[in-house]
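K.L.:
What follows is the file input24.txt, containing compact mmCIF, C-alpha atoms and all ligand atoms:
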# COMPACT_ATOMS: atom_id res chain seq x y z
CA MET A 1 7.48 3.57 -21.71
CA SER A 2 5.23 4.00 -18.72
CA ASP A 3 5.69 2.04 -15.50
CA LEU A 4 1.99 2.11 -14.79
CA ASP A 5 0.80 -1.44 -14.20
CA LEU A 6 -2.84 -1.51 -13.24
CA SER A 7 -2.82 -5.27 -12.87
CA SER A 8 -0.90 -4.81 -9.66
CA SER A 9 -3.22 -2.17 -8.28
CA ALA A 10 -5.33 -3.06 -5.27
CA ILE A 11 -8.03 -0.75 -6.65
CA SER A 12 -10.48 -2.07 -9.21
CA LEU A 13 -11.91 0.35 -11.73
CA PRO A 14 -15.61 0.09 -12.57
CA ASP A 15 -16.41 -0.88 -16.16
CA THR A 16 -19.52 1.23 -16.41
CA PRO A 17 -20.23 4.65 -14.93
CA ALA A 18 -22.34 4.48 -11.80
CA ALA A 19 -25.96 5.57 -12.13
CA PRO A 20 -26.99 8.79 -10.37
CA VAL A 21 -28.84 8.23 -7.12
CA ALA A 22 -31.83 10.42 -6.25
CA GLY A 23 -31.04 12.97 -3.61
CA THR A 24 -27.27 12.57 -3.76
CA GLY A 25 -26.74 14.95 -6.64
CA GLY A 26 -24.08 12.61 -8.03
CA SER A 27 -23.10 9.04 -8.73
CA ALA A 28 -23.86 6.05 -6.53
CA GLN A 29 -20.21 5.45 -5.76
CA ALA A 30 -18.15 7.87 -3.75
CA THR A 31 -14.84 7.59 -5.59
CA ALA A 32 -11.63 9.55 -5.81
CA ARG A 33 -10.47 11.34 -8.98
CA ASP A 34 -9.43 9.08 -11.87
CA ALA A 35 -5.80 10.18 -11.54
CA VAL A 36 -5.77 9.11 -7.91
CA ARG A 37 -7.53 5.79 -8.52
CA ALA A 38 -5.03 4.99 -11.26
CA LEU A 39 -2.05 5.35 -8.89
CA ARG A 40 -0.12 2.18 -8.23
CA SER A 41 -0.41 0.76 -4.75
CA SER A 42 2.79 -0.34 -3.06
CA GLN A 43 3.96 -3.84 -3.98
CA ILE A 44 6.25 -3.81 -0.95
CA ARG A 45 3.17 -3.42 1.24
CA GLU A 46 1.55 -6.24 -0.72
CA VAL A 47 4.42 -8.54 0.19
CA ALA A 48 4.34 -7.39 3.82
CA ASN A 49 0.59 -8.09 3.91
CA ALA A 50 1.25 -11.62 2.61
CA GLY A 51 3.40 -12.09 5.71
CA PHE A 52 0.63 -11.27 8.20
CA GLY A 53 0.18 -14.27 10.46
CA VAL A 54 3.65 -15.65 9.67
CA ALA A 55 5.23 -15.76 13.11
CA ASP A 56 8.91 -15.51 12.27
CA VAL A 57 9.77 -13.13 9.44
CA LEU A 58 13.15 -11.45 8.96
CA PRO A 59 12.19 -8.15 7.30
CA PHE A 60 14.64 -6.54 4.88
CA TRP A 61 11.93 -5.00 2.68
CA PHE A 62 11.63 -1.43 3.95
CA GLY A 63 14.19 1.33 3.47
CA GLU A 64 15.25 1.86 7.04
CA SER A 65 17.77 0.71 9.58
CA ASP A 66 16.80 -1.55 12.46
CA ARG A 67 18.61 0.87 14.80
CA VAL A 68 16.86 3.59 16.77
CA THR A 69 17.66 7.31 16.27
CA PRO A 70 20.80 8.26 18.27
CA ALA A 71 20.13 9.25 21.89
CA PHE A 72 21.51 12.80 21.58
CA ILE A 73 18.91 13.57 18.92
CA ARG A 74 16.05 11.97 20.84
CA GLU A 75 17.08 13.93 23.93
CA ALA A 76 16.97 17.19 21.96
CA ALA A 77 13.33 16.46 21.08
CA THR A 78 12.29 15.54 24.60
CA GLY A 79 14.11 18.64 25.89
CA ALA A 80 12.20 20.80 23.41
CA LEU A 81 8.91 19.21 24.46
CA ALA A 82 9.75 19.76 28.12
CA ARG A 83 10.38 23.45 27.33
CA GLY A 84 6.93 23.65 25.74
CA GLU A 85 7.95 23.81 22.06
CA THR A 86 4.51 22.73 20.91
CA PHE A 87 3.42 25.58 18.63
CA TYR A 88 3.18 26.25 14.89
CA THR A 89 6.35 27.55 13.30
CA HIS A 90 7.15 29.61 10.21
CA ASN A 91 6.04 27.77 7.04
CA LEU A 92 9.63 27.42 5.82
CA GLY A 93 11.00 26.24 9.18
CA ILE A 94 12.52 27.72 12.33
CA ALA A 95 15.41 30.10 11.71
CA PRO A 96 17.99 28.04 13.70
CA LEU A 97 17.29 24.98 11.56
CA ARG A 98 17.36 26.86 8.26
CA GLU A 99 20.64 28.49 9.36
CA ALA A 100 22.13 25.15 10.44
CA LEU A 101 21.10 23.55 7.13
CA ALA A 102 22.47 26.47 5.11
CA ARG A 103 25.84 25.99 6.86
CA TYR A 104 25.71 22.20 6.37
CA VAL A 105 24.85 22.44 2.66
CA SER A 106 27.43 25.21 2.13
CA ASP A 107 30.08 23.03 3.74
CA LEU A 108 29.24 20.05 1.50
CA HIS A 109 28.34 21.78 -1.76
CA GLY A 110 29.36 25.44 -1.78
CA ALA A 111 27.79 28.72 -0.69
CA THR A 112 24.09 28.34 0.06
CA PRO A 113 22.21 31.20 1.73
CA ILE A 114 19.49 30.58 4.31
CA GLU A 115 16.97 32.05 1.86
CA SER A 116 17.56 29.05 -0.45
CA VAL A 117 16.68 26.49 2.23
CA ALA A 118 13.21 25.36 3.34
CA VAL A 119 12.33 22.78 5.98
CA THR A 120 9.76 20.13 5.00
CA SER A 121 7.91 17.24 6.61
CA ALA A 122 10.46 14.71 5.36
CA GLY A 123 11.76 13.93 1.90
CA VAL A 124 8.52 12.64 0.45
CA ASN A 125 6.74 15.87 1.37
CA ALA A 126 9.59 17.84 -0.21
CA LEU A 127 9.10 15.81 -3.42
CA MET A 128 5.37 16.57 -3.43
CA LEU A 129 5.96 20.28 -2.77
CA ALA A 130 8.61 20.43 -5.49
CA ALA A 131 6.21 18.82 -7.98
CA GLN A 132 3.38 21.11 -6.92
CA LEU A 133 5.66 24.11 -7.51
CA VAL A 134 6.47 23.31 -11.11
CA VAL A 135 4.16 20.64 -12.56
CA GLY A 136 0.55 20.94 -13.72
CA ALA A 137 -2.03 18.89 -15.59
CA GLY A 138 -0.79 17.68 -18.98
CA ASP A 139 2.88 18.42 -18.29
CA ARG A 140 5.53 15.95 -19.40
CA VAL A 141 7.82 14.58 -16.72
CA VAL A 142 10.79 12.25 -17.25
CA ALA A 143 12.14 9.87 -14.59
CA VAL A 144 15.04 7.42 -14.60
CA THR A 145 14.09 3.89 -13.45
CA PRO A 146 14.24 1.51 -11.58
CA LEU A 147 13.09 4.02 -9.00
CA TRP A 148 11.37 4.34 -5.66
CA PRO A 149 7.78 4.58 -6.88
CA ASN A 150 6.90 7.87 -5.17
CA LEU A 151 8.90 9.91 -7.69
CA VAL A 152 6.93 8.42 -10.57
CA GLU A 153 3.51 8.56 -8.92
CA ILE A 154 3.63 12.07 -7.38
CA PRO A 155 3.54 13.98 -10.71
CA LYS A 156 0.60 11.81 -11.80
CA ILE A 157 -1.44 13.04 -8.82
CA LEU A 158 -1.09 16.49 -10.37
CA GLY A 159 -2.26 15.24 -13.77
CA ALA A 160 1.18 15.11 -15.41
CA SER A 161 2.33 12.24 -17.63
CA VAL A 162 5.54 10.45 -16.73
CA GLU A 163 7.95 8.94 -19.27
CA THR A 164 10.61 6.63 -17.93
CA VAL A 165 14.17 6.05 -19.10
CA ALA A 166 15.67 2.75 -17.97
CA LEU A 167 19.13 2.33 -16.49
CA GLY A 168 21.19 -0.39 -18.16
CA TYR A 169 22.44 -3.46 -16.29
CA GLY A 170 25.63 -5.31 -17.09
CA GLU A 171 29.08 -6.28 -15.84
CA ARG A 172 29.59 -2.84 -14.27
CA GLY A 173 26.23 -2.98 -12.51
CA TRP A 174 23.62 -0.29 -13.21
CA THR A 175 24.61 2.46 -15.64
CA LEU A 176 22.94 5.45 -17.22
CA ASP A 177 22.18 5.58 -20.93
CA LEU A 178 23.06 9.27 -21.10
CA GLU A 179 22.20 9.64 -24.78
CA GLY A 180 18.83 7.97 -24.19
CA LEU A 181 18.08 10.29 -21.29
CA LEU A 182 19.02 13.43 -23.22
CA LYS A 183 16.84 12.27 -26.11
CA ALA A 184 13.90 11.74 -23.76
CA LEU A 185 14.38 15.24 -22.36
CA THR A 186 12.59 16.90 -25.27
CA PRO A 187 12.16 20.69 -25.31
CA ASP A 188 8.53 20.30 -24.23
CA THR A 189 9.53 18.40 -21.07
CA LYS A 190 8.70 20.26 -17.88
CA LEU A 191 10.64 18.31 -15.30
CA LEU A 192 13.28 15.65 -14.79
CA MET A 193 12.91 13.65 -11.57
CA ILE A 194 16.22 11.99 -10.78
CA ASN A 195 17.41 10.11 -7.71
CA SER A 196 21.09 9.50 -7.03
CA PRO A 197 22.32 7.61 -5.03
CA ASN A 198 19.41 5.55 -6.24
CA ASN A 199 16.80 3.52 -4.48
CA PRO A 200 16.64 0.61 -5.29
CA THR A 201 19.79 0.04 -7.40
CA GLY A 202 22.45 1.98 -5.45
CA TRP A 203 23.47 3.55 -8.78
CA VAL A 204 25.36 6.84 -8.36
CA MET A 205 25.28 9.43 -11.12
CA THR A 206 28.75 10.64 -12.09
CA ARG A 207 29.75 14.29 -12.05
CA ASP A 208 30.16 14.24 -15.86
CA GLU A 209 26.67 12.83 -16.31
CA GLN A 210 25.26 15.52 -14.04
CA ARG A 211 27.13 18.19 -15.99
CA ALA A 212 25.72 16.95 -19.32
CA VAL A 213 22.16 16.68 -17.99
CA LEU A 214 22.33 20.11 -16.36
CA ALA A 215 23.61 21.73 -19.57
CA HIS A 216 20.84 20.07 -21.59
CA CYS A 217 18.12 21.08 -19.11
CA ARG A 218 19.45 24.65 -19.06
CA ARG A 219 19.28 24.75 -22.85
CA HIS A 220 15.63 23.71 -22.91
CA GLY A 221 14.40 25.33 -19.69
CA ILE A 222 13.65 21.96 -18.07
CA TRP A 223 13.34 21.82 -14.28
CA ILE A 224 15.39 19.27 -12.33
CA VAL A 225 14.15 17.78 -9.07
CA ALA A 226 17.19 15.97 -7.68
CA ASP A 227 16.34 13.52 -4.91
CA GLU A 228 19.57 13.35 -2.94
CA VAL A 229 18.29 11.82 0.30
CA TYR A 230 21.03 9.16 0.15
CA GLU A 231 23.88 11.56 -0.64
CA ARG A 232 25.69 10.78 2.62
CA LEU A 233 25.26 7.00 2.20
CA TYR A 234 28.07 7.00 -0.31
CA TYR A 235 31.00 4.58 -0.46
CA GLY A 236 33.46 6.57 -2.51
CA ALA A 237 37.18 7.18 -2.08
CA ALA A 238 38.53 7.86 1.42
CA GLY A 239 37.67 11.40 2.50
CA GLU A 240 34.69 11.77 0.15
CA ARG A 241 31.81 12.72 2.42
CA THR A 242 29.05 12.84 -0.13
CA ALA A 243 28.00 11.58 -3.54
CA PRO A 244 28.25 14.00 -6.49
CA SER A 245 25.40 16.51 -6.23
CA PHE A 246 23.74 18.82 -8.73
CA LEU A 247 24.34 21.49 -6.07
CA ASP A 248 28.09 21.22 -6.77
CA LEU A 249 27.49 22.38 -10.34
CA ALA A 250 24.45 24.65 -10.38
CA SER A 251 23.87 28.15 -9.10
CA ARG A 252 21.29 28.43 -6.34
CA ASP A 253 18.83 30.39 -8.46
CA GLU A 254 18.39 28.25 -11.54
CA ARG A 255 15.74 25.63 -12.24
CA LEU A 256 16.96 23.07 -9.71
CA ILE A 257 15.24 21.79 -6.58
CA CYS A 258 17.33 19.49 -4.41
CA VAL A 259 15.39 17.31 -1.99
CA ASN A 260 16.92 15.91 1.17
CA SER A 261 15.91 14.21 4.40
CA PHE A 262 16.90 13.50 7.99
CA SER A 263 15.65 9.91 7.58
CA LYS A 264 18.78 8.28 6.21
CA ALA A 265 21.92 10.06 7.47
CA TRP A 266 20.63 10.37 11.05
CA LEU A 267 18.22 7.40 11.20
CA MET A 268 15.16 9.61 11.69
CA THR A 269 12.59 7.91 9.44
CA GLY A 270 9.70 8.17 11.90
CA TRP A 271 10.29 11.86 12.64
CA ARG A 272 9.21 13.11 9.20
CA LEU A 273 11.75 15.86 8.74
CA GLY A 274 13.48 16.97 5.56
CA TRP A 275 14.47 19.98 3.54
CA MET A 276 14.89 21.34 0.07
CA VAL A 277 17.31 23.74 -1.57
CA ALA A 278 15.44 25.79 -4.17
CA PRO A 279 15.67 29.12 -6.01
CA ARG A 280 14.92 32.11 -3.79
CA ALA A 281 12.31 33.26 -6.29
CA LEU A 282 10.21 30.18 -5.40
CA MET A 283 10.21 30.65 -1.66
CA ASP A 284 7.12 32.84 -1.25
CA ASP A 285 5.09 30.43 -3.36
CA LEU A 286 6.61 27.46 -1.55
CA GLY A 287 5.51 29.03 1.76
CA LYS A 288 1.91 29.06 0.47
CA LEU A 289 2.11 25.41 -0.56
CA VAL A 290 3.56 24.39 2.81
CA GLU A 291 0.74 26.32 4.49
CA TYR A 292 -1.90 24.39 2.56
CA ASN A 293 -0.19 20.99 2.88
CA THR A 294 1.15 20.76 6.43
CA SER A 295 1.59 24.42 7.60
CA CYS A 296 4.97 23.48 9.09
CA ALA A 297 7.06 20.60 10.39
CA PRO A 298 6.52 19.90 14.13
CA SER A 299 8.42 22.40 16.22
CA PHE A 300 10.13 19.97 18.64
CA VAL A 301 11.14 17.78 15.69
CA GLN A 302 12.80 20.78 14.05
CA GLN A 303 14.70 21.45 17.30
CA ALA A 304 16.01 17.88 17.18
CA GLY A 305 16.96 18.50 13.56
CA VAL A 306 19.21 21.40 14.60
CA VAL A 307 21.12 19.09 16.96
CA ALA A 308 21.34 16.34 14.31
CA VAL A 309 22.86 18.70 11.73
CA GLU A 310 25.18 20.51 14.14
CA GLN A 311 26.37 17.55 16.23
CA GLY A 312 25.67 14.50 14.08
CA GLU A 313 28.68 14.41 11.76
CA ALA A 314 30.60 11.77 13.73
CA PHE A 315 27.47 9.65 13.94
CA THR A 316 26.84 9.81 10.19
CA ARG A 317 30.43 8.85 9.43
CA SER A 318 30.33 5.83 11.71
CA LEU A 319 26.93 4.83 10.28
CA VAL A 320 28.34 4.90 6.75
CA ALA A 321 31.36 2.85 7.85
CA ASP A 322 29.01 0.23 9.36
CA LEU A 323 26.83 0.22 6.25
CA ARG A 324 29.85 -0.37 4.06
CA VAL A 325 30.74 -3.44 6.16
CA SER A 326 27.16 -4.73 5.95
CA ARG A 327 27.01 -4.13 2.20
CA ASP A 328 30.22 -6.07 1.56
CA HIS A 329 29.21 -8.83 3.95
CA LEU A 330 25.83 -9.36 2.29
CA ALA A 331 27.20 -9.09 -1.24
CA ALA A 332 29.84 -11.76 -0.51
CA ALA A 333 27.27 -14.08 1.05
CA LEU A 334 24.78 -13.66 -1.81
CA ALA A 335 27.47 -14.15 -4.44
CA GLY A 336 27.93 -17.69 -3.09
CA LEU A 337 24.32 -18.67 -3.81
CA PRO A 338 23.30 -20.38 -7.06
CA GLY A 339 21.30 -18.24 -9.49
CA VAL A 340 22.24 -14.93 -7.84
CA ASP A 341 23.89 -12.14 -9.82
CA VAL A 342 24.89 -9.38 -7.40
CA LYS A 343 26.94 -6.24 -8.06
CA VAL A 344 28.29 -3.99 -5.30
CA PRO A 345 26.94 -0.45 -5.71
CA HIS A 346 28.54 2.76 -4.44
CA GLY A 347 25.56 4.32 -2.73
CA ALA A 348 22.35 4.00 -0.66
CA MET A 349 21.66 0.93 1.50
CA TYR A 350 20.31 -1.75 -0.80
CA LEU A 351 21.50 -4.65 -2.88
CA PHE A 352 19.29 -4.97 -5.94
CA PHE A 353 20.25 -8.34 -7.32
CA LYS A 354 19.16 -10.55 -10.15
CA LEU A 355 17.71 -13.85 -9.09
CA GLU A 356 17.04 -16.77 -11.40
CA GLY A 357 13.35 -17.56 -11.34
CA ALA A 358 12.40 -14.05 -10.18
CA GLN A 359 10.69 -13.08 -13.45
CA GLN A 360 7.53 -12.77 -11.36
CA SER A 361 9.31 -11.03 -8.51
CA LEU A 362 6.10 -10.11 -6.67
CA ASP A 363 4.99 -13.76 -6.54
CA LEU A 364 8.47 -14.87 -5.57
CA CYS A 365 8.68 -12.36 -2.70
CA LYS A 366 5.26 -13.41 -1.42
CA ALA A 367 6.39 -17.05 -1.50
CA LEU A 368 9.64 -16.12 0.27
CA VAL A 369 7.83 -14.44 3.12
CA ARG A 370 5.26 -17.22 3.52
CA GLU A 371 7.52 -20.22 3.00
CA ALA A 372 10.95 -19.03 4.13
CA GLY A 373 10.17 -16.20 6.60
CA LEU A 374 12.28 -13.82 4.51
CA GLY A 375 11.02 -10.33 3.70
CA LEU A 376 12.45 -8.83 0.48
CA ALA A 377 11.08 -6.18 -1.87
CA PRO A 378 10.13 -7.30 -5.40
CA GLY A 379 11.99 -5.60 -8.24
CA SER A 380 8.73 -4.91 -10.05
CA ALA A 381 7.79 -2.49 -7.23
CA PHE A 382 10.33 -0.12 -8.81
CA GLY A 383 8.94 -0.24 -12.33
CA SER A 384 9.02 -2.79 -15.12
CA ARG A 385 12.80 -2.34 -15.49
CA GLY A 386 13.19 -3.85 -12.03
CA GLU A 387 11.48 -7.13 -12.91
CA GLY A 388 13.71 -10.15 -12.38
CA PHE A 389 15.46 -8.46 -9.43
CA VAL A 390 14.83 -8.25 -5.71
CA ARG A 391 15.87 -5.55 -3.22
CA TRP A 392 17.49 -6.28 0.11
CA CYS A 393 18.03 -3.44 2.61
CA TYR A 394 21.28 -4.22 4.40
CA ALA A 395 21.02 -1.55 7.14
CA CYS A 396 21.37 -4.02 9.99
CA ASP A 397 24.11 -6.04 11.62
CA PRO A 398 25.88 -8.83 9.73
CA ALA A 399 24.55 -11.63 11.98
CA ARG A 400 20.99 -10.76 10.97
CA LEU A 401 22.03 -10.65 7.32
CA ASP A 402 23.56 -14.13 7.71
CA ALA A 403 20.29 -15.47 9.11
CA GLY A 404 18.46 -14.03 6.09
CA VAL A 405 20.95 -15.49 3.59
CA GLU A 406 20.59 -18.87 5.28
CA ARG A 407 16.82 -18.71 4.72
CA LEU A 408 17.22 -17.71 1.08
CA SER A 409 19.74 -20.49 0.54
CA ARG A 410 17.39 -23.11 2.00
CA TYR A 411 14.51 -21.81 -0.09
CA LEU A 412 16.53 -21.90 -3.32
CA ALA A 413 17.72 -25.42 -2.57
CA SER A 414 14.14 -26.60 -2.00
CA ARG A 415 12.78 -25.25 -5.32
C1 LIG B 501 14.70 7.78 -3.08
C2 LIG B 501 13.95 8.23 -1.88
N1 LIG B 501 13.57 9.51 -1.82
C3 LIG B 501 12.91 9.99 -0.76
C4 LIG B 501 12.60 9.18 0.29
C5 LIG B 501 11.83 9.82 1.38
O1 LIG B 501 12.24 9.59 2.66
P1 LIG B 501 11.57 10.38 3.83
O2 LIG B 501 10.20 10.77 3.41
O3 LIG B 501 11.57 9.43 4.98
O4 LIG B 501 12.44 11.55 4.07
C6 LIG B 501 12.97 7.83 0.27
C7 LIG B 501 12.61 6.91 1.36
O5 LIG B 501 12.89 5.75 1.38
C8 LIG B 501 13.67 7.35 -0.85
O6 LIG B 501 14.07 6.08 -0.94
Please go through the file and, once you have read it, give me the structure as structure tokens.
Ligand SMILES: Cc1ncc(COP(=O)(O)O)c(C=O)c1O

P.N.:
Amino acid sequence: MSDLDLSSSAISLPDTPAAPVAGTGGSAQATARDAVRALRSSQIREVANAGFGVADVLPFWFGESDRVTPAFIREAATGALARGETFYTHNLGIAPLREALARYVSDLHGATPIESVAVTSAGVNALMLAAQLVVGAGDRVVAVTPLWPNLVEIPKILGASVETVALGYGERGWTLDLEGLLKALTPDTKLLMINSPNNPTGWVMTRDEQRAVLAHCRRHGIWIVADEVYERLYYGAAGERTAPSFLDLASRDERLICVNSFSKAWLMTGWRLGWMVAPRALMDDLGKLVEYNTSCAPSFVQQAGVVAVEQGEAFTRSLVADLRVSRDHLAAALAGLPGVDVKVPHGAMYLFFKLEGAQQSLDLCKALVREAGLGLAPGSAFGSRGEGFVRWCYACDPARLDAGVERLSRYLASR
């Protein structure tokens, strides 16, 4: 089943082809390719736009913390700028950053040579590059939903078709229908796009599930793009630093591309810095794609990235401890509201909860922002499987969460 829902698109498609205009050599309308016009626009933006002009909105709709990047990382960037680090770099990133990332990934997931690591302009650029490396027009891609829409839309830009497999929802929260996924991964499938820990549900794929999916994809020659940008935002047993990763199971030279980002573990959303771990045999071609997309990540930003990776471990650990407190705090408060069904997930930084009366979650979220000053993301933004749910990013302090819950409570009581 496809998640494509043109009714929610801000773009209207013409019914009839435009007539050619003399002297233009083409049609009257200057339009983008069909595949681009058919992309979904962001429903989270749509809700945010509904809030323009509302003076007092508490925003929990976007996937970022309300805290600024730690000072030691910001100082590394300003130091690099002061030294004049303002030039192009190697397509795959500066050597110190690739080395630091290779050490970091090796430490978390086993031996990873520098040649397997490439720096990108954040996670979303890594996802686009990964898709450009392996997907072409007409290819079949499978994605597990609910899901941050970019993973579903990116392959469509390249002319691929995307089939979705829905997570189940029940007493244990969100769970994978492993048999259903393996069935959808037919031998003619080119790529599986999978995100764990998952945005929006917080679902974390188990090691056994990863093992089964990897074995199946190996058997049929299917590529895996594993989006692991939330791997460090994991609330597992004491001492577990990261969620299960495909990197723990796979060799570095098989059909696996692992995408990661500085945005979440070091609060660097605005910096646009990320990386991927990919087979060495791809790296020359990846270098060409980076050249034609962005040429490189900004040099002073990469210098800050070195400091984040090498000196940021204590920060990340304390961030995750704070997030765990916020998660539990919000879940307990929401559980006390009528019509709310909330489960506590083990990863990421969202509660994706069922709300009575949220069957039109986009309309509900627009009403919430206009009438209650509360900014939440509609479940339908993450595919049809998300309808009936809303997403709340809890990456802020508990007092702010309380103020938001108070607004939701008043709104629900007034309905
Ligand atoms: C699942 C997922 N993947 C990738 C990203 C990309 O993050 P960035 O481009 O900031 O690295 C996000 C951002 O929210 C995300 O939720």

K.L.:
Please identify all protein, DNA and RNA residues within 9 Å of ligand LIG 501 (chain B), counting only C-alpha atoms and all ligand atoms, and report them as a ChimeraX atom specification.

P.N.:
/A:62-64,121-127,147-151,194-200,227-230,259-264,268-275,348

K.L.:
Rank nothing, just name the residue among A:Gly357, A:Gly159, A:Pro279, A:Pro59 nearest to A:Ala38, using all atoms listed in the file.

P.N.:
A:Gly159

K.L.:
Using all atoms listed in the file, can you tell me which of A:Asp402, A:Asp188, A:Asp177, A:Asp363 comes closest to A:Leu330?

P.N.:
A:Asp402

K.L.:
Tell me, counting all atoms listed in the file, for each residue of stretch 321-380 of chain A within 7 Å of stretch 385-388 of chain A, which pair of atoms is nearest and how far apart they are in Å to one decimal, in rows ordered by chain and increasing number, as a Markdown table.

P.N.:
| residue | atom | partner | partner_atom | distance |
| --- | --- | --- | --- | --- |
| A:Lys354 | CA | A:Gly388 | CA | 5.9 |
| A:Leu355 | CA | A:Gly388 | CA | 6.4 |
| A:Ala358 | CA | A:Gly388 | CA | 4.7 |
| A:Gln359 | CA | A:Gly388 | CA | 4.3 |
| A:Gln360 | CA | A:Gly388 | CA | 6.8 |
| A:Ser361 | CA | A:Gly388 | CA | 5.9 |
| A:Gly379 | CA | A:Gly386 | CA | 4.3 |
| A:Ser380 | CA | A:Glu387 | CA | 4.5 |

K.L.:
Between A:Leu337, A:Ala395, A:Leu39, A:Leu351, single out the one closest to A:Arg410, counting all atoms listed in the file.

P.N.:
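Selected residue with least distance to A:Arg410: A:Leu337.
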
K.L.:
Got a sec: who's within 7 Å of A:Asp397, counting all atoms listed in the file, leaving out chain neighbours fewer than 3 positions off, as a list in words?

P.N.:
Ser326, Arg400 and Leu401 of chain A

K.L.:
Of the candidates A:Val369, A:Ala321, A:Ala237, A:Val119, which one gets nearest to A:Gly287 if we count only C-alpha atoms?

P.N.:
A:Val119

K.L.:
Nearest to A:Trp223 among A:Arg140, A:Gly236, A:Gln303, A:Thr206, with distances taken over all atoms listed in the file: which residue is it?

P.N.:
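When distances to A:Trp223 are compared using all atoms listed in the file, the smallest one comes from A:Arg140.
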
K.L.:
Show me, as number ranges by chain, the residues that have an atom within 9 Å of A:Ala118 when counting only C-alpha atoms, minus same-chain residues fewer than 3 positions from it.

P.N.:
A: 91-93, 98, 101, 114-115, 274-278, 283, 286-287

K.L.:
Go through A:Glu231, A:Asp328, A:Glu153, A:Glu313 and flag the residue nearest A:Phe382, using only C-alpha atoms for the distances.

P.N.:
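Result for the nearest residue to A:Phe382: A:Glu153.
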
K.L.:
Quick one: pull the distance between atom CA of A:Ser41 and atom CA of A:Leu133, Å, one decimal.

P.N.:
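Between atom CA of A:Ser41 and atom CA of A:Leu133 the gap works out to 24.3 Å.
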
K.L.:
Env of A:Lys366: 8 Å cut, atoms = all atoms listed in the file, seq-sep filter 2 positions within chain, self excluded. Answer as a ChimeraX atom specification.

P.N.:
/A:47,50-51,362-364,368-370

K.L.:
Quick one: everything within 12 Å of A:Phe87, counting only C-alpha atoms, minus sequence neighbours fewer than 4 positions away in the same chain. Send it as an NGL selection string.

P.N.:
:A and (80-81 or 83 or 94 or 295-302)

K.L.:
Need to verify the contact set: A:Ala314, 12 Å, only C-alpha atoms, exclusion of same-chain residues closer than 6 positions in sequence. Can you return it as a PyMOL selection string?

P.N.:
chain A and resi 70+241+265-266+308+320-321

K.L.:
Could you check how far atom CA of A:Pro113 sits from atom CA of A:Leu192, in Å to one decimal?

P.N.:
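Atom CA of A:Pro113 sits 24.4 Å away from atom CA of A:Leu192.
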
K.L.:
Between atom CA of A:His329 and atom CA of A:Ala71, what is the spacing in Å?

P.N.:
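Between atom CA of A:Ala71 and atom CA of A:His329 the gap is 27.0 Å.
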
K.L.:
Write stretch 269-280 of chain A as a compact mmCIF listing (two decimals), in the frame of the given file, completed to N, CA and C atoms.

P.N.:
# COMPACT_ATOMS: atom_id res chain seq x y z
N THR A 269 13.73 8.15 10.35
CA THR A 269 12.59 7.91 9.44
C THR A 269 11.24 8.29 10.04
N GLY A 270 11.03 7.93 11.30
CA GLY A 270 9.70 8.17 11.90
C GLY A 270 9.44 9.61 12.29
N TRP A 271 10.43 10.48 12.16
CA TRP A 271 10.29 11.86 12.64
C TRP A 271 9.63 12.76 11.60
N ARG A 272 9.75 12.37 10.33
CA ARG A 272 9.21 13.11 9.20
C ARG A 272 9.79 14.51 9.10
N LEU A 273 11.08 14.58 8.88
CA LEU A 273 11.75 15.86 8.74
C LEU A 273 12.70 15.83 7.54
N GLY A 274 12.61 16.87 6.72
CA GLY A 274 13.48 16.97 5.56
C GLY A 274 13.68 18.42 5.17
N TRP A 275 14.29 18.61 4.00
CA TRP A 275 14.47 19.98 3.54
C TRP A 275 14.62 20.01 2.03
N MET A 276 14.54 21.19 1.48
CA MET A 276 14.89 21.34 0.07
C MET A 276 15.72 22.60 -0.12
N VAL A 277 16.57 22.56 -1.13
CA VAL A 277 17.31 23.74 -1.57
C VAL A 277 16.69 24.14 -2.90
N ALA A 278 16.20 25.36 -2.98
CA ALA A 278 15.44 25.79 -4.17
C ALA A 278 15.72 27.26 -4.45
N PRO A 279 15.44 27.70 -5.68
CA PRO A 279 15.67 29.12 -6.01
C PRO A 279 14.90 30.05 -5.06
N ARG A 280 15.56 31.15 -4.70
CA ARG A 280 14.92 32.11 -3.79
C ARG A 280 13.59 32.62 -4.34
